[in-house]
Amino acid sequence: MRHHGRFAAAVALTTTAAVALAGCTKKNDTDDGTGAGSGSTYKVAFVPKLQGVPYFEAMNAGGKKAADELGDVQWLYQGPTQADAAAQADIVRSYIQQKVDVLIVAPNDPDSMAPLLQQAKSAGIHVATADTDAPNSAREVFVNQASTEGIGQGLTDALMTAMGGKGKYAIVSCGQTAENLNSWIKVQRAYTQEKYPQAQIVDVVYAGEDQAKATQMATDLMNAHPDLTGLVGECTSSAPGVAQAVRDAGKIGKVFTVGLGTPQAMKPYLADKSSSASILWDVENLGYLTAWAGEQLAAGKQFQATNKVSDAMPAVEYDSSSKVLLLGPPLTITGENVDDFNY
Amino acid sequence: MSTTAVDRHGRPDAGPPPGAPVPPRSRSRASVLPSPMTGQEMVLVAVVAALWVVLGLTTPAFLTAGSLQPLLVATAPIALVGVGMTIVIITGGIDVSVGAAIMVCSVVTAKVLVTDEVNLAVAVLLSVAVGGLLGLINGVLIAYGRVHAIIITFGTANLFLFAGLQIFGSSTVNGIPNTLDFFGRGPGGRTWGVPHAFLLTVLVTALAWWYLRHAAGGRHFFAVGGDAHAARLAGVRVQRRVLLAYLTTGLLVGLASCFTIAQGTSTLDQSVGTGKELAVIAAVVIGGTSIMGGRGSVLGTLLGALLVQSVSSGVTQLGWRSQLSDLFVGIFIIVAVGADLLRARARRSR
């Protein structure tokens, strides 16, 4: 029995070690900076909320593209495999130890990220946020994909166009503490009340990142409100989820949906009209802008009120009071332009 | 329960004192089996029924086909994996890798559906085979490695997660064809109004219920969980039973993954399966299975899963805040475990 116990302990240890090693290998794989080789290059590190999802991979692609075109940026990209604040903090710490020139984070938890950004700044590293802000931190700039108003109003306008400017609708959101989702919902509430007085938000529910749960909740919402004519999927997992629920219930054309979905995931639903539109931004351009902003910080250049970043982004606005670079107005993705995006 | 011949620890009861009249053989054979329905299960039936009636009266459409059919479909994958988990927990083990295993089965099946456009039968067989393989890995390590199941399955959960993420390869699986709609929420997932996914789950549960109750092999699972050492001395092949429990769970995970794909959208993302191990264990515990092993029932697990999903749907349909369903599930778990402890105490003091 004792020997068996020891053997088993050895098995367990080996297993753990294998897991650890495997994890390391994976991290190293994706750690290949593709910046210009020689000369004075700036190490710009971006830490997404999680890696391996199309959204942040598209940002990574944009960042790499910028590094290739700018020539003086070495783009580093690594995130946790789950949207976990602690795992993300470990990666940020490792970049601080590597003494990168610029550290840009899309924080899972803005509050717990703030002290780490301060620590990086004290170590002489330029710090910034992209995609999600940490407003009460030492960050020098926030690369914002779209204004809160832009997203909230874009979603509302797209849904109201489908619903004919009136009727009851509900929102299937995701993480209950997700700062950006909650701020969009706040805009949606205010904007609906102000601009579409005949429309009404009857409920907001939270499904986490679980697609099946989002779909089930959308089904329950339609049952709870037989006169419901609209649904909003507030994140990339619930946007196709609400459309799937409408399709399953056979209510296409009676209940309209919009959401923040990635183009390829929304394509089948845009095709059969279970989704009327998806509101998003050009994620690759956001990655490009992030890398560009890193270069500017590293080179000690000031942002202008309007910046020419690339041919695709001729006039990116910068607000010096809030230190925010704004990518531009959100995109409306429909059946017509969905094939322009490969993510 | 006083008529049970073997107590929780697998020790035979003292039996009637010498000289007492020996009961007729047929009566003693019947008394070996626990009653067909435990107290916990009857309570659960009453609670679910009461909940449905209340929700039917307070919401516009809870007790309509358009609401109950999707509810049963959503219950199916948790209840199905719960059958395997119940057997595992009866043997005194636990399997915390089922969430990650669901991810692996789902991504493999979804990818094959997209690239090779296989038919329904092939997709299901593939998913079940992958699940069976993962279950076999758990079973072999636990049965022959003799480390506690929670450690092994925690390890394999991480391995499966790594494998699943590698197969996903930095992107979601897009454009999954509607082959698996047979198990879905839509009209293609029903025959005469009964969702296929739920029907299959009920069949598997019934089969497992009969086997666990009436077959010698089924009773051996209880013996292993009651006292593995005593079971071994009594001639039970303990390691084989343990291996079978995890293998069964793996096979059911494979089928449940097909349900999961069918219930999701035409895109599969990396969050699939996340946290499902806790949802399954919650259903098992609420169903009255003792987390200490040796006692439990798959019927209770099905009712537990149904109760949890009914509460979740009810909270949404009532327009209450989403997090209240977490509160209710938490209360159910604590009440169920408390009831189990009270029953165990009552048995001991007898």
# chains A, B, ... in the order shown; residues from 1 in each chain; ligands from 1
$ residues_around --residues "segment 118-130 of chain B" --least-positions-apart "6" --cutoff "6 Å" --atoms "only C-alpha atoms" --output "short mmCIF file (atom, residue, chain, number, x, y, z; two decimals) with C-alpha atoms, in the first residue's frame"
data_model
loop_
_atom_site.label_atom_id
_atom_site.label_comp_id
_atom_site.auth_asym_id
_atom_site.auth_seq_id
_atom_site.Cartn_x
_atom_site.Cartn_y
_atom_site.Cartn_z
CA CYS B 105 -15.44 16.67 -26.66
CA THR B 109 -16.93 17.29 -32.47
CA THR B 179 -26.55 18.48 -37.77
CA LEU B 251 -19.04 8.34 -22.11
CA GLY B 254 -19.40 12.74 -24.70
CA LEU B 255 -23.15 12.57 -25.30
#
$ interface_residues --of "chain B" --to "chain A" --cutoff "6 Å" --atoms "only C-alpha atoms" --output "list in words"
Ala61, Gly145, Val147, Ser170, Ser171, Asn174, Arg185, Gly186, Gln263, Gly264, Thr265, Thr267, Gln317 and Ser322 of chain B
$ residues_around --residues "Pro177 of chain B" --least-positions-apart "4" --cutoff "8 Å" --atoms "only C-alpha atoms" --output "JSON list (two decimals) with N, CA and C atoms, in the first residue's frame"
[["chain", "number", "residue", "atom", "x", "y", "z"],
["B", 113, "LEU", "N", -17.50, 18.46, -37.39],
["B", 113, "LEU", "CA", -18.76, 18.83, -38.05],
["B", 113, "LEU", "C", -18.52, 19.88, -39.13],
["B", 114, "VAL", "N", -17.65, 20.84, -38.84],
["B", 114, "VAL", "CA", -17.40, 21.93, -39.78],
["B", 114, "VAL", "C", -16.59, 21.44, -40.97],
["B", 117, "GLU", "N", -18.25, 17.60, -42.32],
["B", 117, "GLU", "CA", -19.70, 17.52, -42.50],
["B", 117, "GLU", "C", -20.23, 16.10, -42.26],
["B", 266, "SER", "N", -24.15, 28.77, -33.52],
["B", 266, "SER", "CA", -23.37, 28.13, -34.58],
["B", 266, "SER", "C", -21.88, 28.44, -34.43]]
$ closest_residue --among "B:Met37, B:Val298, B:Val43, B:Ala339" --to "Trp209 of chain B" --atoms "only C-alpha atoms"
B:Val298
$ select_by_dssp --residues "segment 155-295 of chain A" --states "strand (DSSP E)" --output "PyMOL selection string"
chain A and resi 167-173+199-206+228-233+256-259+277-280
$ write_last_selection --atoms "N, CA and C atoms" --output "short mmCIF file (atom, residue, chain, number, x, y, z; two decimals), in the first residue's frame"
data_model
loop_
_atom_site.label_atom_id
_atom_site.label_comp_id
_atom_site.auth_asym_id
_atom_site.auth_seq_id
_atom_site.Cartn_x
_atom_site.Cartn_y
_atom_site.Cartn_z
N GLY A 167 -41.81 49.68 -28.76
CA GLY A 167 -41.97 48.31 -28.27
C GLY A 167 -41.10 48.01 -27.07
N LYS A 168 -41.29 46.79 -26.51
CA LYS A 168 -40.55 46.37 -25.33
C LYS A 168 -39.34 45.54 -25.73
N TYR A 169 -38.21 45.81 -25.08
CA TYR A 169 -37.05 44.94 -25.32
C TYR A 169 -36.29 44.67 -24.04
N ALA A 170 -35.44 43.64 -24.10
CA ALA A 170 -34.66 43.24 -22.93
C ALA A 170 -33.20 43.04 -23.33
N ILE A 171 -32.32 43.10 -22.33
CA ILE A 171 -30.89 43.00 -22.58
C ILE A 171 -30.34 41.74 -21.89
N VAL A 172 -29.60 40.90 -22.66
CA VAL A 172 -28.89 39.78 -22.06
C VAL A 172 -27.41 40.18 -21.99
N SER A 173 -26.98 40.54 -20.78
CA SER A 173 -25.60 40.95 -20.59
C SER A 173 -24.78 39.76 -20.12
N ALA A 199 -40.56 53.23 -26.65
CA ALA A 199 -39.85 51.97 -26.41
C ALA A 199 -39.50 51.87 -24.93
N GLN A 200 -39.28 50.63 -24.47
CA GLN A 200 -39.06 50.42 -23.05
C GLN A 200 -38.16 49.20 -22.83
N ILE A 201 -37.15 49.36 -21.94
CA ILE A 201 -36.32 48.21 -21.56
C ILE A 201 -37.01 47.52 -20.39
N VAL A 202 -37.44 46.25 -20.57
CA VAL A 202 -38.21 45.60 -19.51
C VAL A 202 -37.33 44.82 -18.54
N ASP A 203 -36.14 44.40 -18.96
CA ASP A 203 -35.30 43.62 -18.04
C ASP A 203 -33.86 43.60 -18.55
N VAL A 204 -32.92 43.45 -17.60
CA VAL A 204 -31.52 43.20 -17.93
C VAL A 204 -31.09 41.96 -17.15
N VAL A 205 -30.63 40.92 -17.85
CA VAL A 205 -30.20 39.70 -17.16
C VAL A 205 -28.73 39.42 -17.48
N TYR A 206 -28.10 38.60 -16.65
CA TYR A 206 -26.66 38.35 -16.77
C TYR A 206 -26.39 36.85 -16.95
N LEU A 228 -42.79 41.02 -26.06
CA LEU A 228 -41.41 41.47 -26.30
C LEU A 228 -41.11 41.45 -27.80
N THR A 229 -40.51 42.52 -28.32
CA THR A 229 -40.18 42.52 -29.74
C THR A 229 -38.69 42.76 -30.00
N GLY A 230 -37.89 42.89 -28.93
CA GLY A 230 -36.47 43.12 -29.16
C GLY A 230 -35.59 42.52 -28.08
N LEU A 231 -34.37 42.10 -28.48
CA LEU A 231 -33.39 41.58 -27.54
C LEU A 231 -32.02 42.14 -27.92
N VAL A 232 -31.22 42.48 -26.91
CA VAL A 232 -29.86 42.93 -27.15
C VAL A 232 -28.90 41.93 -26.50
N GLY A 233 -27.93 41.44 -27.27
CA GLY A 233 -26.85 40.62 -26.72
C GLY A 233 -25.66 41.52 -26.48
N PHE A 256 -36.78 41.07 -32.76
CA PHE A 256 -35.56 41.50 -33.44
C PHE A 256 -34.41 41.56 -32.44
N THR A 257 -33.20 41.23 -32.93
CA THR A 257 -32.04 41.26 -32.03
C THR A 257 -30.90 42.06 -32.65
N VAL A 258 -30.14 42.71 -31.76
CA VAL A 258 -28.86 43.29 -32.15
C VAL A 258 -27.87 42.91 -31.05
N GLY A 259 -26.58 43.13 -31.30
CA GLY A 259 -25.64 42.78 -30.26
C GLY A 259 -24.23 43.18 -30.62
N ALA A 277 -28.41 43.40 -36.74
CA ALA A 277 -27.12 44.07 -36.93
C ALA A 277 -26.22 43.77 -35.75
N SER A 278 -24.93 43.87 -36.00
CA SER A 278 -23.96 43.75 -34.91
C SER A 278 -23.18 45.05 -34.86
N ILE A 279 -23.03 45.56 -33.64
CA ILE A 279 -22.30 46.81 -33.46
C ILE A 279 -20.91 46.46 -32.94
N LEU A 280 -19.90 46.87 -33.64
CA LEU A 280 -18.54 46.59 -33.21
C LEU A 280 -17.62 47.65 -33.78
#
$ atom_distance --atom1 "atom CA of Arg213 of chain B" --atom2 "atom CA of Leu199 of chain B"
21.0 Å
$ select_by_dssp --residues "segment 25-205 of chain A" --states "helix (DSSP H, G or I)" --output "VMD selection string"
chain A and resid 25 to 29 54 to 70 85 to 97 110 to 122 148 to 163 179 to 195
$ residues_around --residues "segment 88-91 of chain A" --least-positions-apart "5" --cutoff "10 Å" --atoms "only C-alpha atoms" --output "list in words"
Val47, Pro48, Lys49, Leu50, Gln78, Gly79, Pro80, Thr81, Gln82, Ala83, Ile96, Gln97, Val105, Ala106, Pro107, Asn108, Asp109, Ser112, Met113, Leu116 and Leu117 of chain A
$ residues_around --residues "Gly338 of chain B" --least-positions-apart "3" --cutoff "12 Å" --atoms "only C-alpha atoms" --output "PyMOL selection string"
chain B and resi 40+285-286+288-291+331-335+341-345
$ atom_distance --atom1 "atom CA of Pro195 of chain B" --atom2 "atom CA of Pro36 of chain B"
26.3 Å
$ residues_around --residues "Val102 of chain A" --least-positions-apart "4" --cutoff "10 Å" --atoms "only C-alpha atoms" --output "ChimeraX atom specification"
/A:42-46,75-76,95-96,120-121,124-128,291,293-298
$ closest_residue --among "B:Arg321, B:Ala46, B:Thr249, B:Ile176" --to "Val204 of chain B" --atoms "only C-alpha atoms"
B:Thr249
$ residues_around --residues "Val53 of chain B" --least-positions-apart "5" --cutoff "10 Å" --atoms "only C-alpha atoms" --output "list in words"
Val47, Val48, Thr58, Phe62 and Leu63 of chain B
